[in-house]
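Working notes for the structure below.
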Amino acid sequence: NIEYTCPASNDCEINKRRRKACQACRFQKCLRKGMLKEGVRLDRVRGGRQKYRRNPDLLSQQWPPNKSIPSLEENKMLEALLLCEPEMLTVRSETPQSDPTLQTINSLSDLYDRELVCIIGWAKQIPGFTDLSLNDQMRLLQSTWAEILTLTIAYRSLPHCAGKIRFASDLVLDERQARECGFSEIYQQCTQVIDRLEHVAVSKEEYYFLKALVLANSDVKLDEFSSLKKFRNSILSSLGDCIYVLRPNNYLLHMQDILLCLPVLRQADQVVRRFWSTVHKDGKVLMNKLFVEMLEAYLR
């Protein structure tokens with residue numbers, strides 16, 4: 001475990017010029033941006049080259065470890081993720097409104113609310129999630145739903161033809177349509193995630209694991225952090241097994257590429273929350289109770 005102590009009050013300014021000013025605040029900023037604690041290079045920690053020589057981080061471990069690697073069919077975590085992946089939704093038929101922009105936002109609000117129901121049901125079927133306390137389960141969902149949903153929308157929009165984002169089987173927005181209904185920032189964030197997924201050439205199986213990893217990659221304060229760590233490690237281990245089977249010649253490099261999707265999703269999180277918080281305060285669009293509850297932490 002790596003622990004840093006800030007000599008001031010844990011709010012040091014960290015930018016390109018002052019990035020070495022405080023290791024503790026820099027580390028916390030990296031975590032907020034989506035870095036995994038397991039991604040820290042222990043040989044770069046003061047004293048780490050000697051102290052941690054036999055305990056390197058996940059990506060520099062001998063892979064595969066001293067165990068037989070399960071095939072995709074034998075990968076129990078993958079099997080569970082395959083079975084619990086929700087179907088794509090369709091827009092509910094509504095009475096046409098005089099303002100088409102408002103109607104689009106209403107449709108998106110309803111879709112996001114129903115997707116949240118799907119995300120909760122999906123999470124409960126991931127092995128290890130229900131081993132967490134109910135409070136910790138809810139904290140994880142409240143802190144990661146925007147990233148999970150952004151990743152889901154981005155993956156459904158592959159390949160990125162004509163710059164269109166697929167929010168439902170019958171609701172697709174291009175850049176102009178997104179701009180007209182004030183959805184431009186979310187469109188741009190989804191596009192960045194899509195570009196990243198295309199660059200990595202993510203497979204369906206890797207997408208399932210990445211989505212579960214987003215759920216386990218929260219930096220929210222929990223009652224039982226050890227249970228979260230166990231949950232996250234089980235996903236990482238199974239993801240490693242999956243990548244080794246799919247890409248035996250460059251599995252470590254590809255694992256790194258997959259994990260580098262996490263910071264892009266973390267950036268999207270704030271944009272999604274800010275947009276829907278503004279919509280909620282504006283009061284012109286109906287937002288269901290669950291959606292508002294999941295936004296509450298940000299609204300406060």
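Note on naming: chains are A, B, ... as they come in the structure tokens, residues start from 1 per chain, ligands start from 1 in the order shown.
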
Exercise. So which bits of stretch 83-234 of chain A end up helix (DSSP H, G or I) when you DSSP the backbone, as a PyMOL selection string?
Worked result: chain A and resi 83-84+100-124+129-131+134-156+161-163+175-180+184-200+204-216+225-234

Considering only C-alpha atoms, tabulate each residue of stretch 96-203 of chain A that lies at most 7 Å from stretch 227-235 of chain A along with its nearest interatomic pair and the corresponding distance in Å to one decimal; arrange the rows by chain and ascending residue number and present them as a tab-separated table.
residue	atom	partner	partner_atom	distance
A:Gly128	CA	A:Phe231	CA	5.5
A:Phe129	CA	A:Phe231	CA	6.7
A:Leu132	CA	A:Ser227	CA	6.2

Export of the given selection (N, CA and C atoms) as a CSV table (one decimal), in the first residue's frame:
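Written file, again.csv:
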chain,number,residue,atom,x,y,z
A,128,GLY,N,-19.4,-11.0,-7.0
A,128,GLY,CA,-18.7,-10.2,-6.0
A,128,GLY,C,-19.3,-8.9,-5.6
A,129,PHE,N,-20.2,-8.4,-6.5
A,129,PHE,CA,-20.8,-7.0,-6.2
A,129,PHE,C,-21.7,-7.1,-5.0
A,132,LEU,N,-20.5,-6.8,-1.3
A,132,LEU,CA,-20.3,-5.5,-0.7
A,132,LEU,C,-21.6,-5.2,0.2

Problem set entry | Selection near stretch 163-174 of chain A, 7 Å with only C-alpha atoms, sequence-local residues under 4 positions removed, as a list in words | Met88, Leu89, Thr90, Val91, Ile153, Arg156, Ser157 and Ala178 of chain A

Problem set entry | Surrounding residues of A:Ala268 excluding itself and chain neighbours under 5 positions, 8 Å, only C-alpha atoms, as an NGL selection string | :A and (146-147 or 150 or 186 or 189-190)

For this session: Would you list the contacts of A:Ile120 as a count of residues only, taking every protein, DNA or RNA residue within 12 Å and counting only C-alpha atoms, but skipping same-chain residues closer than 3 positions in sequence?
Result: 29

Residues within 9 Å of A:Phe183, please, as a PDB file with N, CA and C atoms, in the first residue's frame. Count only C-alpha atoms; anything in the same chain fewer than 6 positions from it doesn't count.
ATOM      1  N   ILE A 105     -34.745  16.142 -25.564  1.00  0.00           N
ATOM      2  CA  ILE A 105     -34.189  16.097 -24.209  1.00  0.00           C
ATOM      3  C   ILE A 105     -35.090  15.271 -23.294  1.00  0.00           C
ATOM      4  N   GLU A 175     -23.653  15.368 -34.915  1.00  0.00           N
ATOM      5  CA  GLU A 175     -23.115  16.551 -34.220  1.00  0.00           C
ATOM      6  C   GLU A 175     -24.071  17.740 -34.296  1.00  0.00           C
ATOM      7  N   GLN A 177     -27.402  17.747 -34.690  1.00  0.00           N
ATOM      8  CA  GLN A 177     -28.587  17.507 -33.862  1.00  0.00           C
ATOM      9  C   GLN A 177     -28.255  17.661 -32.376  1.00  0.00           C
ATOM     10  N   PHE A 275     -24.525  18.576 -17.111  1.00  0.00           N
ATOM     11  CA  PHE A 275     -25.621  18.820 -18.054  1.00  0.00           C
ATOM     12  C   PHE A 275     -26.967  18.498 -17.419  1.00  0.00           C
TER      13      PHE A 275
END

Exercise. A:Asn75: which residues within 9 Å, counting only C-alpha atoms, same-chain residues fewer than 6 positions away excluded, as a PyMOL selection string?
Worked result: chain A and resi 69+238+241-242

Export of prior selection with C-alpha atoms as a short mmCIF file (atom, residue, chain, number, x, y, z; two decimals), in the first residue's frame:
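What follows is the written file part31.cif:
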data_model
loop_
_atom_site.label_atom_id
_atom_site.label_comp_id
_atom_site.auth_asym_id
_atom_site.auth_seq_id
_atom_site.Cartn_x
_atom_site.Cartn_y
_atom_site.Cartn_z
CA ILE A 69 -5.38 -19.74 -18.16
CA SER A 238 -10.35 -12.27 -15.34
CA ASP A 241 -7.02 -14.02 -18.61
CA CYS A 242 -9.35 -12.89 -21.40
#

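In this structure, atom CA of A:Asp195 sits 21.7 Å away from atom CA of A:Gly182.
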
Could the residues of stretch 203-223 of chain A that have an atom at most 10 Å from stretch 77-83 of chain A be listed as a tab-separated table, each with its closest atom pair and the distance in Å to one decimal, counting only C-alpha atoms and ordered by chain and ascending residue number?
residue	atom	partner	partner_atom	distance
A:Lys204	CA	A:Leu82	CA	9.3
A:Glu205	CA	A:Leu78	CA	7.1
A:Glu206	CA	A:Leu78	CA	9.1
A:Tyr207	CA	A:Leu81	CA	9.9
A:Tyr208	CA	A:Leu81	CA	6.1
A:Phe209	CA	A:Leu78	CA	7.3
A:Lys211	CA	A:Leu81	CA	9.4
A:Ala212	CA	A:Leu81	CA	8.1
